[in-house]
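Peer 1: Here you go, one structure.
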Amino acid sequence: MDRMVEIARFQYPADAQVLIALLKSEGIECYLRNELSTQILSHIDVGGARVEILESDVPRAMELMKEGGFDLPEENESPEGMISATNWMNRVPVLKKYSLPVQMIFLSIIVILALALFLGLGLLLQQANPI
């Protein structure tokens, strides 16, 4: 099974749309990671909006990016940061077998449950100790 890899990073998600349109027009499926967090947390550096594709599509995508005038990594730049997307969820054995969208849904549910628990405990404490 191919894994998703990062091929480009943009400060603003709108800037990534040109590359995404180019890749999709050539039949390369892609995913824009950090789109919403980059927009919502624009005052915080969250690493930018990341364009990710299947690893098997990287050579063709690099050709298209070069032809399209996009920045490619320098020769002395480590390909590790360009080729492999850091995905900490793949290190969790239970999540490793699921696709990226399922992993993201699972993470969202955990965050929502944690926030609900935090807010619930806050309300209980407020009722127990009114000011």
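The chains in the structure tokens are called A, B, ... from first to last as shown; in each chain the residues are counted from 1, and the ligands are counted from 1 in the order shown.
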Can you pull out every residue within 6 Å of region 53-67 of chain A, counting only C-alpha atoms, but drop anything in the same chain fewer than 2 positions away, and send it as a VMD selection string?
Peer 2: chain A and resid 2 to 5 30 69 to 70
Peer 1: Would you save the residues of that selection, restricted to N, CA, C and O atoms, as a compact mmCIF listing (two decimals), in the first residue's frame?
Peer 2:
```txt
# COMPACT_ATOMS: atom_id res chain seq x y z
N ASP A 2 0.62 2.15 -0.91
CA ASP A 2 1.35 3.42 -0.98
C ASP A 2 1.03 4.27 0.24
O ASP A 2 -0.08 4.27 0.75
N ARG A 3 2.01 5.04 0.65
CA ARG A 3 1.77 5.96 1.76
C ARG A 3 1.73 7.38 1.21
O ARG A 3 2.24 7.66 0.13
N MET A 4 1.10 8.25 1.96
CA MET A 4 1.01 9.66 1.58
C MET A 4 2.31 10.35 1.95
O MET A 4 2.85 10.12 3.03
N VAL A 5 2.82 11.18 1.05
CA VAL A 5 4.05 11.93 1.31
C VAL A 5 3.83 13.39 0.95
O VAL A 5 3.06 13.73 0.07
N CYS A 30 -4.50 14.27 -4.72
CA CYS A 30 -3.72 14.91 -3.67
C CYS A 30 -4.62 15.32 -2.52
O CYS A 30 -5.85 15.36 -2.64
N GLY A 69 6.95 25.72 -12.63
CA GLY A 69 7.70 26.80 -11.99
C GLY A 69 7.62 26.79 -10.47
O GLY A 69 7.94 27.80 -9.84
N PHE A 70 7.25 25.68 -9.88
CA PHE A 70 7.20 25.59 -8.43
C PHE A 70 8.58 25.28 -7.89
O PHE A 70 9.41 24.68 -8.56
```
Peer 1: Extract, using only C-alpha atoms, all DNA, RNA and protein residues at most 10 Å from region 18-21 of chain A, discarding same-chain residues fewer than 3 positions from it, and format them as a PyMOL selection string.
Peer 2: chain A and resi 8+13-15+24-32+51-53+61+64-65+68+70
Peer 1: For the residues in the current selection, export N, CA, C and O atoms as a PDB file, in the first residue's frame.
Peer 2:
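Result written to result_22.pdb:
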```pdb
ATOM      1  N   ALA A   8       4.965  19.524  -1.081  1.00  0.00           N
ATOM      2  CA  ALA A   8       5.090  20.979  -1.044  1.00  0.00           C
ATOM      3  C   ALA A   8       4.404  21.514   0.199  1.00  0.00           C
ATOM      4  O   ALA A   8       3.482  20.898   0.734  1.00  0.00           O
ATOM      5  N   PRO A  13      -3.234  28.334   2.512  1.00  0.00           N
ATOM      6  CA  PRO A  13      -3.881  27.269   1.744  1.00  0.00           C
ATOM      7  C   PRO A  13      -4.272  27.700   0.336  1.00  0.00           C
ATOM      8  O   PRO A  13      -4.212  26.896  -0.594  1.00  0.00           O
ATOM      9  N   ALA A  14      -4.639  28.949   0.158  1.00  0.00           N
ATOM     10  CA  ALA A  14      -5.029  29.420  -1.173  1.00  0.00           C
ATOM     11  C   ALA A  14      -3.875  29.303  -2.162  1.00  0.00           C
ATOM     12  O   ALA A  14      -4.088  29.025  -3.346  1.00  0.00           O
ATOM     13  N   ASP A  15      -2.645  29.496  -1.682  1.00  0.00           N
ATOM     14  CA  ASP A  15      -1.477  29.376  -2.562  1.00  0.00           C
ATOM     15  C   ASP A  15      -1.288  27.932  -3.036  1.00  0.00           C
ATOM     16  O   ASP A  15      -0.766  27.692  -4.119  1.00  0.00           O
ATOM     17  N   LYS A  24      -4.180  17.591 -10.056  1.00  0.00           N
ATOM     18  CA  LYS A  24      -5.449  16.914 -10.350  1.00  0.00           C
ATOM     19  C   LYS A  24      -5.738  16.900 -11.849  1.00  0.00           C
ATOM     20  O   LYS A  24      -6.318  15.945 -12.361  1.00  0.00           O
ATOM     21  N   SER A  25      -5.326  17.960 -12.557  1.00  0.00           N
ATOM     22  CA  SER A  25      -5.559  17.994 -14.000  1.00  0.00           C
ATOM     23  C   SER A  25      -4.757  16.918 -14.720  1.00  0.00           C
ATOM     24  O   SER A  25      -5.107  16.509 -15.824  1.00  0.00           O
ATOM     25  N   GLU A  26      -3.688  16.451 -14.080  1.00  0.00           N
ATOM     26  CA  GLU A  26      -2.853  15.392 -14.650  1.00  0.00           C
ATOM     27  C   GLU A  26      -3.179  14.020 -14.054  1.00  0.00           C
ATOM     28  O   GLU A  26      -2.430  13.074 -14.237  1.00  0.00           O
ATOM     29  N   GLY A  27      -4.277  13.947 -13.303  1.00  0.00           N
ATOM     30  CA  GLY A  27      -4.725  12.666 -12.764  1.00  0.00           C
ATOM     31  C   GLY A  27      -4.033  12.219 -11.489  1.00  0.00           C
ATOM     32  O   GLY A  27      -4.125  11.062 -11.111  1.00  0.00           O
ATOM     33  N   ILE A  28      -3.356  13.136 -10.806  1.00  0.00           N
ATOM     34  CA  ILE A  28      -2.685  12.803  -9.548  1.00  0.00           C
ATOM     35  C   ILE A  28      -3.580  13.255  -8.399  1.00  0.00           C
ATOM     36  O   ILE A  28      -3.859  14.445  -8.259  1.00  0.00           O
ATOM     37  N   GLU A  29      -4.036  12.297  -7.618  1.00  0.00           N
ATOM     38  CA  GLU A  29      -4.865  12.618  -6.462  1.00  0.00           C
ATOM     39  C   GLU A  29      -3.993  13.232  -5.380  1.00  0.00           C
ATOM     40  O   GLU A  29      -2.871  12.789  -5.144  1.00  0.00           O
ATOM     41  N   CYS A  30      -4.500  14.266  -4.725  1.00  0.00           N
ATOM     42  CA  CYS A  30      -3.723  14.910  -3.673  1.00  0.00           C
ATOM     43  C   CYS A  30      -4.622  15.321  -2.516  1.00  0.00           C
ATOM     44  O   CYS A  30      -5.849  15.360  -2.637  1.00  0.00           O
ATOM     45  N   TYR A  31      -3.987  15.622  -1.404  1.00  0.00           N
ATOM     46  CA  TYR A  31      -4.655  15.958  -0.166  1.00  0.00           C
ATOM     47  C   TYR A  31      -3.970  17.190   0.406  1.00  0.00           C
ATOM     48  O   TYR A  31      -2.736  17.274   0.391  1.00  0.00           O
ATOM     49  N   LEU A  32      -4.751  18.146   0.896  1.00  0.00           N
ATOM     50  CA  LEU A  32      -4.197  19.356   1.506  1.00  0.00           C
ATOM     51  C   LEU A  32      -4.322  19.242   3.011  1.00  0.00           C
ATOM     52  O   LEU A  32      -5.414  19.330   3.560  1.00  0.00           O
ATOM     53  N   VAL A  51       0.800  19.918   0.837  1.00  0.00           N
ATOM     54  CA  VAL A  51       0.236  19.140  -0.262  1.00  0.00           C
ATOM     55  C   VAL A  51       0.855  17.751  -0.191  1.00  0.00           C
ATOM     56  O   VAL A  51       2.079  17.608  -0.223  1.00  0.00           O
ATOM     57  N   GLU A  52      -0.010  16.731  -0.087  1.00  0.00           N
ATOM     58  CA  GLU A  52       0.460  15.353   0.012  1.00  0.00           C
ATOM     59  C   GLU A  52      -0.141  14.518  -1.110  1.00  0.00           C
ATOM     60  O   GLU A  52      -1.286  14.730  -1.507  1.00  0.00           O
ATOM     61  N   ILE A  53       0.669  13.591  -1.614  1.00  0.00           N
ATOM     62  CA  ILE A  53       0.227  12.678  -2.672  1.00  0.00           C
ATOM     63  C   ILE A  53       0.722  11.274  -2.336  1.00  0.00           C
ATOM     64  O   ILE A  53       1.493  11.086  -1.395  1.00  0.00           O
ATOM     65  N   ALA A  61       4.861  14.018 -10.239  1.00  0.00           N
ATOM     66  CA  ALA A  61       4.498  15.301  -9.623  1.00  0.00           C
ATOM     67  C   ALA A  61       5.682  16.266  -9.627  1.00  0.00           C
ATOM     68  O   ALA A  61       5.507  17.463  -9.877  1.00  0.00           O
ATOM     69  N   LEU A  64       5.978  17.762 -13.034  1.00  0.00           N
ATOM     70  CA  LEU A  64       4.938  18.771 -13.240  1.00  0.00           C
ATOM     71  C   LEU A  64       5.253  20.051 -12.472  1.00  0.00           C
ATOM     72  O   LEU A  64       5.033  21.158 -12.978  1.00  0.00           O
ATOM     73  N   MET A  65       5.750  19.899 -11.256  1.00  0.00           N
ATOM     74  CA  MET A  65       6.100  21.076 -10.460  1.00  0.00           C
ATOM     75  C   MET A  65       7.232  21.859 -11.119  1.00  0.00           C
ATOM     76  O   MET A  65       7.209  23.086 -11.162  1.00  0.00           O
ATOM     77  N   GLY A  68       5.876  23.637 -14.044  1.00  0.00           N
ATOM     78  CA  GLY A  68       4.971  24.699 -13.615  1.00  0.00           C
ATOM     79  C   GLY A  68       5.654  25.836 -12.885  1.00  0.00           C
ATOM     80  O   GLY A  68       5.006  26.812 -12.512  1.00  0.00           O
ATOM     81  N   PHE A  70       7.246  25.682  -9.882  1.00  0.00           N
ATOM     82  CA  PHE A  70       7.196  25.586  -8.432  1.00  0.00           C
ATOM     83  C   PHE A  70       8.583  25.281  -7.886  1.00  0.00           C
ATOM     84  O   PHE A  70       9.408  24.675  -8.565  1.00  0.00           O
TER      85      PHE A  70
END
```
Peer 1: Tell me, in Å to one decimal, how far CA of Ala49 (chain A) is from CA of Leu23 (chain A).
Peer 2: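 Interatomic distance here is 15.8 Å.
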Peer 1: Rounded to one decimal place, report the CA of Phe10 (chain A)-CA of Glu35 (chain A) distance in Å.
Peer 2: 9.8 Å
Peer 1: How far is it from CA of Gly48 (chain A) to CA of Lys97 (chain A), in Å with one decimal?
Peer 2: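 Those two atoms sit 26.8 Å apart.
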